[in-house]
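entry_25.pdb follows; it contains PDB, C-alpha atoms, pLDDT in the B column.
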ATOM      1  CA  MET A   1     -17.610   1.369  19.850  1.00 53.00           C
ATOM      2  CA  ALA A   2     -16.521  -2.080  18.760  1.00 55.00           C
ATOM      3  CA  ASN A   3     -18.862  -4.888  19.489  1.00 59.00           C
ATOM      4  CA  ARG A   4     -17.864  -8.148  21.099  1.00 58.00           C
ATOM      5  CA  HIS A   5     -17.593  -9.989  17.780  1.00 57.00           C
ATOM      6  CA  SER A   6     -15.146  -7.528  16.240  1.00 57.00           C
ATOM      7  CA  MET A   7     -12.961  -7.643  19.342  1.00 55.00           C
ATOM      8  CA  MET A   8     -12.706 -11.416  19.034  1.00 58.00           C
ATOM      9  CA  TRP A   9     -11.238 -11.518  15.530  1.00 61.00           C
ATOM     10  CA  ARG A  10      -9.119  -8.374  15.578  1.00 60.00           C
ATOM     11  CA  ALA A  11      -5.900  -8.614  17.564  1.00 68.00           C
ATOM     12  CA  PRO A  12      -4.778  -5.444  19.360  1.00 71.00           C
ATOM     13  CA  GLY A  13      -2.327  -3.460  17.263  1.00 74.00           C
ATOM     14  CA  ARG A  14      -2.944  -5.508  14.111  1.00 75.00           C
ATOM     15  CA  ARG A  15      -3.959  -2.535  12.027  1.00 81.00           C
ATOM     16  CA  SER A  16      -0.953  -0.503  13.167  1.00 85.00           C
ATOM     17  CA  ALA A  17       1.411  -3.275  12.110  1.00 85.00           C
ATOM     18  CA  GLU A  18      -0.276  -3.490   8.694  1.00 87.00           C
ATOM     19  CA  ARG A  19       0.019   0.264   8.224  1.00 90.00           C
ATOM     20  CA  GLU A  20       3.711   0.225   9.152  1.00 92.00           C
ATOM     21  CA  LYS A  21       4.450  -2.622   6.744  1.00 93.00           C
ATOM     22  CA  PHE A  22       2.586  -0.869   3.929  1.00 93.00           C
ATOM     23  CA  ARG A  23       4.337   2.432   4.709  1.00 94.00           C
ATOM     24  CA  ARG A  24       7.750   0.768   4.306  1.00 96.00           C
ATOM     25  CA  LEU A  25       6.634  -0.811   1.033  1.00 95.00           C
ATOM     26  CA  MET A  26       5.472   2.545  -0.317  1.00 95.00           C
ATOM     27  CA  GLN A  27       8.765   4.175   0.672  1.00 96.00           C
ATOM     28  CA  LYS A  28      10.497   1.649  -1.594  1.00 96.00           C
ATOM     29  CA  VAL A  29       8.040   2.439  -4.391  1.00 96.00           C
ATOM     30  CA  GLU A  30       8.638   6.163  -3.963  1.00 95.00           C
ATOM     31  CA  ALA A  31      12.415   5.651  -4.153  1.00 96.00           C
ATOM     32  CA  VAL A  32      12.081   3.615  -7.373  1.00 96.00           C
ATOM     33  CA  ARG A  33       9.610   6.128  -8.787  1.00 95.00           C
ATOM     34  CA  GLU A  34      11.985   9.029  -8.200  1.00 95.00           C
ATOM     35  CA  ARG A  35      15.010   7.071  -9.416  1.00 96.00           C
ATOM     36  CA  ASP A  36      13.335   6.065 -12.697  1.00 95.00           C
ATOM     37  CA  GLY A  37      11.463   9.345 -13.196  1.00 96.00           C
ATOM     38  CA  ILE A  38       8.007   7.746 -13.183  1.00 95.00           C
ATOM     39  CA  THR A  39       5.010   9.981 -12.635  1.00 95.00           C
ATOM     40  CA  LYS A  40       2.202   8.951 -10.315  1.00 94.00           C
ATOM     41  CA  THR A  41      -0.054   8.616 -13.343  1.00 96.00           C
ATOM     42  CA  GLU A  42       2.356   6.170 -14.988  1.00 96.00           C
ATOM     43  CA  LEU A  43       2.733   4.290 -11.705  1.00 95.00           C
ATOM     44  CA  ALA A  44      -1.035   4.020 -11.334  1.00 95.00           C
ATOM     45  CA  ALA A  45      -1.357   2.681 -14.878  1.00 95.00           C
ATOM     46  CA  GLU A  46       1.366   0.123 -14.253  1.00 93.00           C
ATOM     47  CA  LEU A  47      -0.277  -1.042 -11.028  1.00 93.00           C
ATOM     48  CA  GLY A  48      -3.782  -1.062 -12.498  1.00 93.00           C
ATOM     49  CA  ALA A  49      -5.023   1.508  -9.998  1.00 93.00           C
ATOM     50  CA  ASN A  50      -6.286   5.051 -10.252  1.00 94.00           C
ATOM     51  CA  VAL A  51      -4.148   8.073  -9.464  1.00 96.00           C
ATOM     52  CA  ASP A  52      -6.173   9.064  -6.412  1.00 95.00           C
ATOM     53  CA  GLY A  53      -5.616   5.619  -4.915  1.00 94.00           C
ATOM     54  CA  VAL A  54      -1.867   5.847  -5.462  1.00 94.00           C
ATOM     55  CA  ARG A  55      -1.801   9.288  -3.835  1.00 95.00           C
ATOM     56  CA  ALA A  56      -3.721   7.938  -0.843  1.00 95.00           C
ATOM     57  CA  TRP A  57      -1.198   5.094  -0.495  1.00 94.00           C
ATOM     58  CA  MET A  58       1.736   7.488  -0.764  1.00 93.00           C
ATOM     59  CA  THR A  59       0.399   9.825   1.910  1.00 92.00           C
ATOM     60  CA  GLY A  60      -0.580   6.981   4.218  1.00 89.00           C
ATOM     61  CA  ARG A  61      -4.265   7.852   4.187  1.00 91.00           C
ATOM     62  CA  THR A  62      -5.123   4.300   3.094  1.00 90.00           C
ATOM     63  CA  ILE A  63      -3.383   0.968   2.758  1.00 89.00           C
ATOM     64  CA  GLY A  64      -3.665  -1.490  -0.088  1.00 87.00           C
ATOM     65  CA  ARG A  65      -5.376  -4.842  -0.024  1.00 90.00           C
ATOM     66  CA  LYS A  66      -3.547  -8.145  -0.451  1.00 90.00           C
ATOM     67  CA  GLU A  67      -3.972  -8.076  -4.230  1.00 92.00           C
ATOM     68  CA  THR A  68      -2.612  -4.542  -4.375  1.00 92.00           C
ATOM     69  CA  VAL A  69       0.375  -5.429  -2.219  1.00 93.00           C
ATOM     70  CA  ALA A  70       1.148  -8.333  -4.565  1.00 95.00           C
ATOM     71  CA  LYS A  71       1.034  -5.968  -7.576  1.00 94.00           C
ATOM     72  CA  ILE A  72       3.305  -3.471  -5.812  1.00 95.00           C
ATOM     73  CA  GLU A  73       5.814  -6.173  -4.876  1.00 96.00           C
ATOM     74  CA  ASP A  74       5.794  -7.411  -8.484  1.00 96.00           C
ATOM     75  CA  PHE A  75       6.422  -3.829  -9.666  1.00 95.00           C
ATOM     76  CA  LEU A  76       9.406  -3.547  -7.306  1.00 96.00           C
ATOM     77  CA  GLU A  77      10.848  -6.861  -8.531  1.00 96.00           C
ATOM     78  CA  ARG A  78      10.576  -5.759 -12.164  1.00 93.00           C
ATOM     79  CA  ARG A  79      12.223  -2.409 -11.449  1.00 90.00           C
ATOM     80  CA  ALA A  80      15.017  -3.725  -9.189  1.00 82.00           C
TER      81      ALA A  80
END
Could you rewrite the structure in this file as structure tokens?
Amino acid sequence: MANRHSMMWRAPGRRSAEREKFRRLMQKVEAVRERDGITKTELAAELGANVDGVRAWMTGRTIGRKETVAKIEDFLERRA
């Protein structure tokens, strides 16, 4: 159960909104990946991540940190 401190800094629904935003971002990455014929291994190398991390992002098991989101957005700008 969450303690009083964690309830003070975490707004209700914040994590759900972050997951939804990251899910939409990864859908764009998946579309570019399929369009350009990039493998997940190549994508991971380009993002500076490991393949397991990319798979976890694609399936929605985890979401990326701010630095990761910046790298993904940069990847999308380069491939647009």
Checklist entry - Hey, what comes out of the PyMOL selection byres ((chain A and resi 46-59) around 8) on this file? Could you write it as a PyMOL selection string? => result chain A and resi 23+26-27+30+40-45+60-64+68+71-72+75
Checklist entry - What is the distance between atom CA of A:Arg78 and atom CA of A:Ala17, in Å to one decimal? => result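 Going from atom CA of A:Arg78 over to atom CA of A:Ala17, I get 26.1 Å.
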Checklist entry - Distance atom CA of A:Glu34-atom CA of A:Arg15, one decimal place? => result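 A separation of 28.2 Å between them.
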Item to check | Between atom CA of A:Val32 and atom CA of A:Glu18, distance in Å (one decimal) | outcome: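 Computing the Euclidean distance for atom CA of A:Val32 and atom CA of A:Glu18 yields 21.5 Å.
Of the listed residues A:Ala80, A:Lys66, A:Asp36, A:Asp74, the one whose atoms come nearest to A:Phe22 is A:Lys66, with distances taken using only C-alpha atoms.
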